[in-house]
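Source file: start_19.csv; contents: CSV, C-alpha atoms.
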```
chain,number,residue,atom,x,y,z
A,1,MET,CA,-27.3,11.6,-26.1
A,2,ALA,CA,-25.7,11.5,-22.7
A,3,VAL,CA,-22.6,9.3,-22.4
A,4,ILE,CA,-21.4,7.5,-19.2
A,5,VAL,CA,-17.8,6.7,-18.7
A,6,GLU,CA,-16.3,4.6,-15.9
A,7,LEU,CA,-12.6,5.1,-15.4
A,8,THR,CA,-9.7,4.8,-12.9
A,9,ILE,CA,-7.2,7.6,-12.3
A,10,ASP,CA,-4.2,8.1,-10.0
A,11,SER,CA,-4.9,10.1,-6.8
A,12,GLU,CA,-2.1,12.6,-7.7
A,13,SER,CA,-4.2,13.8,-10.6
A,14,PHE,CA,-6.7,15.9,-8.5
A,15,ASP,CA,-6.8,17.8,-5.3
A,16,LEU,CA,-9.1,15.6,-3.2
A,17,GLY,CA,-7.1,12.5,-4.2
A,18,ARG,CA,-3.8,14.1,-3.2
A,19,VAL,CA,-5.1,15.6,0.0
A,20,THR,CA,-6.8,12.4,1.3
A,21,ALA,CA,-4.1,9.9,0.3
A,22,VAL,CA,-2.6,10.3,3.8
A,23,SER,CA,-3.7,7.0,5.4
A,24,ASN,CA,-4.0,3.5,4.0
A,25,GLY,CA,-6.7,2.8,6.6
A,26,VAL,CA,-9.1,5.4,5.3
A,27,HIS,CA,-11.3,5.0,2.3
A,28,ILE,CA,-12.9,8.0,0.6
A,29,GLU,CA,-16.2,8.4,-1.3
A,30,LEU,CA,-17.7,11.5,-2.8
A,31,GLU,CA,-21.1,12.6,-1.5
A,32,ARG,CA,-23.6,12.4,-4.3
A,33,VAL,CA,-24.9,16.0,-4.1
A,34,VAL,CA,-24.9,18.9,-6.6
A,35,PRO,CA,-23.6,22.0,-4.8
A,36,THR,CA,-25.6,25.2,-5.5
A,37,GLY,CA,-22.5,27.4,-5.2
A,38,GLY,CA,-20.7,25.8,-8.2
A,39,GLU,CA,-18.1,24.1,-6.0
A,40,VAL,CA,-16.4,21.0,-7.2
A,41,MET,CA,-16.0,18.0,-4.8
A,42,PRO,CA,-16.8,19.9,-1.5
A,43,PHE,CA,-18.3,16.9,0.3
A,44,PHE,CA,-16.8,13.5,0.9
A,45,TRP,CA,-17.3,10.5,3.2
A,46,ALA,CA,-14.3,8.9,4.9
A,47,ARG,CA,-14.5,5.4,6.3
A,48,GLY,CA,-11.9,4.2,8.8
A,49,THR,CA,-10.8,4.4,12.4
A,50,ASP,CA,-8.2,7.0,13.2
A,51,PHE,CA,-10.1,10.1,12.0
A,52,GLU,CA,-8.1,12.5,14.3
A,53,ALA,CA,-4.9,11.7,12.5
A,54,PHE,CA,-6.6,11.9,9.1
A,55,GLU,CA,-8.1,15.3,9.9
A,56,ARG,CA,-4.8,16.7,11.1
A,57,ALA,CA,-3.0,15.6,7.9
A,58,VAL,CA,-5.8,17.0,5.7
A,59,ARG,CA,-5.9,20.3,7.5
A,60,ASP,CA,-2.1,20.6,7.3
A,61,ASN,CA,-2.2,20.6,3.5
A,62,SER,CA,-1.6,24.0,2.1
A,63,ILE,CA,-4.5,23.9,-0.4
A,64,VAL,CA,-7.1,23.2,2.2
A,65,ASP,CA,-8.7,26.3,3.8
A,66,GLU,CA,-11.1,24.5,6.0
A,67,LEU,CA,-12.2,20.9,6.9
A,68,THR,CA,-15.4,20.4,8.8
A,69,ALA,CA,-16.9,17.2,10.0
A,70,VAL,CA,-20.6,17.5,9.1
A,71,ALA,CA,-21.9,14.1,10.4
A,72,ARG,CA,-20.6,11.0,12.0
A,73,VAL,CA,-22.3,7.6,11.4
A,74,GLU,CA,-20.6,4.6,13.1
A,75,ASN,CA,-17.2,4.3,11.3
A,76,ARG,CA,-18.0,6.9,8.6
A,77,VAL,CA,-17.6,10.7,8.7
A,78,LEU,CA,-19.1,13.2,6.2
A,79,TYR,CA,-16.7,16.1,5.6
A,80,ARG,CA,-17.0,19.4,3.9
A,81,VAL,CA,-13.7,20.8,2.5
A,82,SER,CA,-13.1,24.4,1.4
A,83,TRP,CA,-10.3,24.6,-1.1
A,84,GLY,CA,-7.7,27.3,-1.4
A,85,GLY,CA,-6.6,28.9,-4.7
A,86,THR,CA,-5.1,25.8,-6.2
A,87,THR,CA,-7.3,23.7,-8.5
A,88,SER,CA,-6.1,20.4,-9.9
A,89,SER,CA,-6.0,19.8,-13.7
A,90,LEU,CA,-8.6,17.1,-13.4
A,91,THR,CA,-11.0,19.5,-11.6
A,92,ARG,CA,-10.6,22.1,-14.3
A,93,ILE,CA,-11.1,19.6,-17.1
A,94,LEU,CA,-14.2,18.2,-15.5
A,95,THR,CA,-15.7,21.7,-15.2
A,96,ASP,CA,-14.7,22.7,-18.7
A,97,SER,CA,-16.1,19.6,-20.3
A,98,GLU,CA,-19.4,19.9,-18.3
A,99,ALA,CA,-19.0,16.5,-16.8
A,100,THR,CA,-21.2,15.4,-13.9
A,101,ILE,CA,-19.6,13.2,-11.3
A,102,LEU,CA,-22.1,10.4,-10.6
A,103,GLU,CA,-19.8,8.4,-8.4
A,104,ALA,CA,-16.2,8.5,-7.2
A,105,HIS,CA,-14.3,6.5,-4.6
A,106,GLY,CA,-11.0,5.1,-3.6
A,107,ASN,CA,-7.6,6.1,-2.4
A,108,ASP,CA,-5.1,5.2,-5.0
A,109,PRO,CA,-6.2,4.7,-7.7
A,110,TRP,CA,-9.7,6.3,-7.7
A,111,THR,CA,-12.7,5.1,-9.7
A,112,PHE,CA,-14.9,7.7,-11.3
A,113,ARG,CA,-18.3,7.3,-13.0
A,114,LEU,CA,-18.8,10.4,-15.2
A,115,ARG,CA,-21.8,11.6,-17.3
A,116,PHE,CA,-21.2,13.8,-20.3
A,117,ASN,CA,-24.0,15.6,-22.2
A,118,ASP,CA,-22.8,14.1,-25.4
A,119,HIS,CA,-19.8,12.7,-27.2
A,120,THR,CA,-18.5,16.2,-27.7
A,121,GLY,CA,-18.0,16.6,-24.0
A,122,LEU,CA,-16.3,13.2,-23.8
A,123,THR,CA,-13.9,14.2,-26.6
A,124,GLU,CA,-13.2,17.5,-24.9
A,125,PHE,CA,-12.4,15.6,-21.6
A,126,HIS,CA,-10.1,13.1,-23.4
A,127,ASN,CA,-8.2,15.8,-25.4
A,128,ARG,CA,-7.7,18.0,-22.4
A,129,CYS,CA,-6.4,15.1,-20.3
A,130,GLN,CA,-3.9,14.3,-23.1
A,131,GLU,CA,-2.8,17.9,-23.1
A,132,GLU,CA,-2.3,18.0,-19.3
A,133,ASN,CA,-0.6,14.5,-19.4
A,134,LEU,CA,-3.2,13.1,-17.1
A,135,GLU,CA,-3.4,9.3,-17.6
A,136,PHE,CA,-6.6,7.3,-16.9
A,137,HIS,CA,-7.8,3.9,-17.8
A,138,VAL,CA,-11.3,3.5,-19.2
A,139,GLU,CA,-13.2,0.6,-17.7
A,140,ARG,CA,-16.5,1.1,-19.5
A,141,ILE,CA,-18.2,3.6,-21.8
A,142,TYR,CA,-21.9,3.5,-22.7
A,143,THR,CA,-25.0,5.7,-23.2
A,144,LEU,CA,-27.8,5.9,-20.7
A,145,ALA,CA,-30.0,3.6,-22.8
A,146,GLU,CA,-27.2,1.0,-23.1
A,147,GLY,CA,-26.8,1.0,-19.3
A,148,GLU,CA,-30.3,-0.5,-18.9
A,149,PRO,CA,-30.8,-4.2,-18.4
A,150,GLY,CA,-30.8,-6.4,-21.5
A,151,VAL,CA,-28.2,-4.4,-23.5
A,152,TYR,CA,-25.3,-5.9,-25.5
A,153,ASN,CA,-22.3,-7.4,-23.8
A,154,PHE,CA,-19.7,-6.8,-26.5
A,155,ASP,CA,-17.1,-9.1,-25.0
A,156,ILE,CA,-14.1,-7.1,-26.1
A,157,THR,CA,-10.8,-7.0,-24.2
A,158,ASP,CA,-9.8,-4.0,-22.1
A,159,GLU,CA,-7.1,-3.2,-24.6
A,160,GLN,CA,-9.5,-3.3,-27.5
A,161,GLN,CA,-12.0,-1.1,-25.7
A,162,GLU,CA,-9.3,1.5,-24.8
A,163,ALA,CA,-8.1,1.5,-28.5
A,164,LEU,CA,-11.7,1.9,-29.8
A,165,VAL,CA,-12.5,4.7,-27.3
A,166,THR,CA,-9.3,6.5,-28.3
A,167,ALA,CA,-10.0,6.1,-32.0
A,168,VAL,CA,-13.5,7.3,-31.7
A,169,SER,CA,-12.6,10.2,-29.4
A,170,GLU,CA,-9.8,11.3,-31.7
A,171,GLY,CA,-12.1,11.2,-34.8
A,172,TYR,CA,-10.5,8.2,-36.6
A,173,PHE,CA,-13.9,7.0,-37.9
A,174,GLU,CA,-15.0,10.4,-39.0
A,175,VAL,CA,-15.2,11.5,-42.7
A,176,PRO,CA,-12.7,12.9,-43.4
A,177,ARG,CA,-10.6,11.3,-40.7
A,178,GLN,CA,-9.3,13.6,-38.0
A,179,THR,CA,-6.4,11.3,-36.9
A,180,THR,CA,-4.4,8.3,-38.1
A,181,LEU,CA,-3.8,4.8,-36.6
A,182,SER,CA,-0.2,5.9,-36.0
A,183,GLU,CA,-1.4,8.8,-33.9
A,184,VAL,CA,-3.8,6.5,-32.0
A,185,ALA,CA,-0.9,4.1,-31.4
A,186,GLU,CA,1.2,7.0,-30.1
A,187,ARG,CA,-1.6,8.0,-27.7
A,188,LEU,CA,-1.8,4.4,-26.4
A,189,GLY,CA,2.0,3.9,-26.3
A,190,ILE,CA,1.9,0.9,-28.6
A,191,SER,CA,3.0,0.1,-32.1
A,192,PRO,CA,0.8,1.1,-35.1
A,193,GLN,CA,0.4,-2.6,-35.9
A,194,ALA,CA,-0.9,-3.4,-32.4
A,195,ALA,CA,-3.2,-0.4,-32.5
A,196,SER,CA,-4.6,-1.5,-35.9
A,197,GLU,CA,-5.2,-5.0,-34.6
A,198,ARG,CA,-7.0,-3.9,-31.5
A,199,VAL,CA,-9.2,-1.4,-33.3
A,200,ARG,CA,-10.1,-3.8,-36.1
A,201,ARG,CA,-10.8,-6.7,-33.9
A,202,GLY,CA,-12.7,-4.6,-31.4
A,203,ALA,CA,-14.8,-2.9,-34.1
A,204,ASP,CA,-15.5,-6.3,-35.8
A,205,THR,CA,-16.8,-7.8,-32.5
A,206,VAL,CA,-19.0,-4.7,-31.7
A,207,LEU,CA,-20.4,-4.5,-35.2
A,208,ARG,CA,-21.2,-8.3,-35.4
A,209,LYS,CA,-22.9,-8.1,-32.0
A,210,VAL,CA,-25.1,-5.1,-33.1
A,211,LEU,CA,-25.7,-5.7,-36.8
A,212,LEU,CA,-26.0,-9.5,-36.9
A,213,SER,CA,-28.1,-9.7,-33.7
A,214,GLN,CA,-30.4,-7.0,-35.1
A,215,SER,CA,-30.7,-8.8,-38.4
A,216,ALA,CA,-31.6,-12.1,-36.6
A,217,ALA,CA,-34.2,-10.2,-34.6
A,218,ASP,CA,-35.8,-8.7,-37.7
A,219,LEU,CA,-36.1,-12.2,-39.3
A,220,SER,CA,-37.6,-13.8,-36.3
```
Can I see the file as structure tokens?
Amino acid sequence: MAVIVELTIDSESFDLGRVTAVSNGVHIELERVVPTGGEVMPFFWARGTDFEAFERAVRDNSIVDELTAVARVENRVLYRVSWGGTTSSLTRILTDSEATILEAHGNDPWTFRLRFNDHTGLTEFHNRCQEENLEFHVERIYTLAEGEPGVYNFDITDEQQEALVTAVSEGYFEVPRQTTLSEVAERLGISPQAASERVRRGADTVLRKVLLSQSAADLS
């Protein structure tokens, strides 16, 4: 089943983020299109005022071959960018894990909403980011069905969610286990005791929400 992940990531982790982080007064948002030529992040909207300075700074970047203003609507401009030979780690990882960018915006940090074909793709993304030392913060993770109205609100903390996502992605709950709590703790940069507490409390809250709510529904 397709998995949706909402996360934040530093602008220095990918080409578009680095290139457009040239002005505090300009906000960037990816255009929601699927390019037919297989390009990654070729279109983006810029919202601001001093577009001339912004365009000069972007064009002066060595990894930009060409920047074209496609449309201008009030205080927004739609740009198409042609990249040079350099491709950021994040761009490669998104391509290799077959992730679809549903939404992305920001300056620093950026917010991404990504769709993966299944949990395998999400695990690939997570592992590759770890290998490339790309740090990101997971805000939310859910399936397409869970994203619909009326789904569970698990009420777990951000720290518990991050620990659970890491544990699941690394295979802690698999049989046999593919990782240990100590390794999960190392990924998170916390102590094994803290990792154990976050995973156990988070898992307990989620399971109670799902199993006890379902049991009550069956009895009603």
Please indicate the distance in Å from CA of Ser89 (chain A) to CA of Glu131 (chain A), rounded to one decimal place. 10.1 Å
Straight-line distance linking CA of Val5 (chain A) with CA of Arg113 (chain A), stated in Å to one decimal: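 About the pair CA of Val5 (chain A) and CA of Arg113 (chain A): they are 5.8 Å apart.
Candidate residues A:Thr68, A:Thr8, A:Ser82, A:Asn127 were compared for distance to Asp96 (chain A), and the nearest is A:Asn127, using all atoms listed in the file.
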For each of A:Phe136, A:Phe14, A:Trp110, A:Phe54, take the minimum atom-to-atom distance to Arg187 (chain A), counting only C-alpha atoms, then give the residue where this is smallest.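 Closest to Arg187 (chain A), using only C-alpha atoms: A:Phe136.
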Interatomic distance between CA of Met1 (chain A) and CA of Leu94 (chain A)? 18.1 Å
Near-region 103-108 of chain A list (6 Å; only C-alpha atoms; drop same-chain fewer than 6 positions) as a list in words: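 The residues satisfying every condition are Asp10, Ser11, Ala21, His27, Ile28, Glu29 and Leu30 of chain A.
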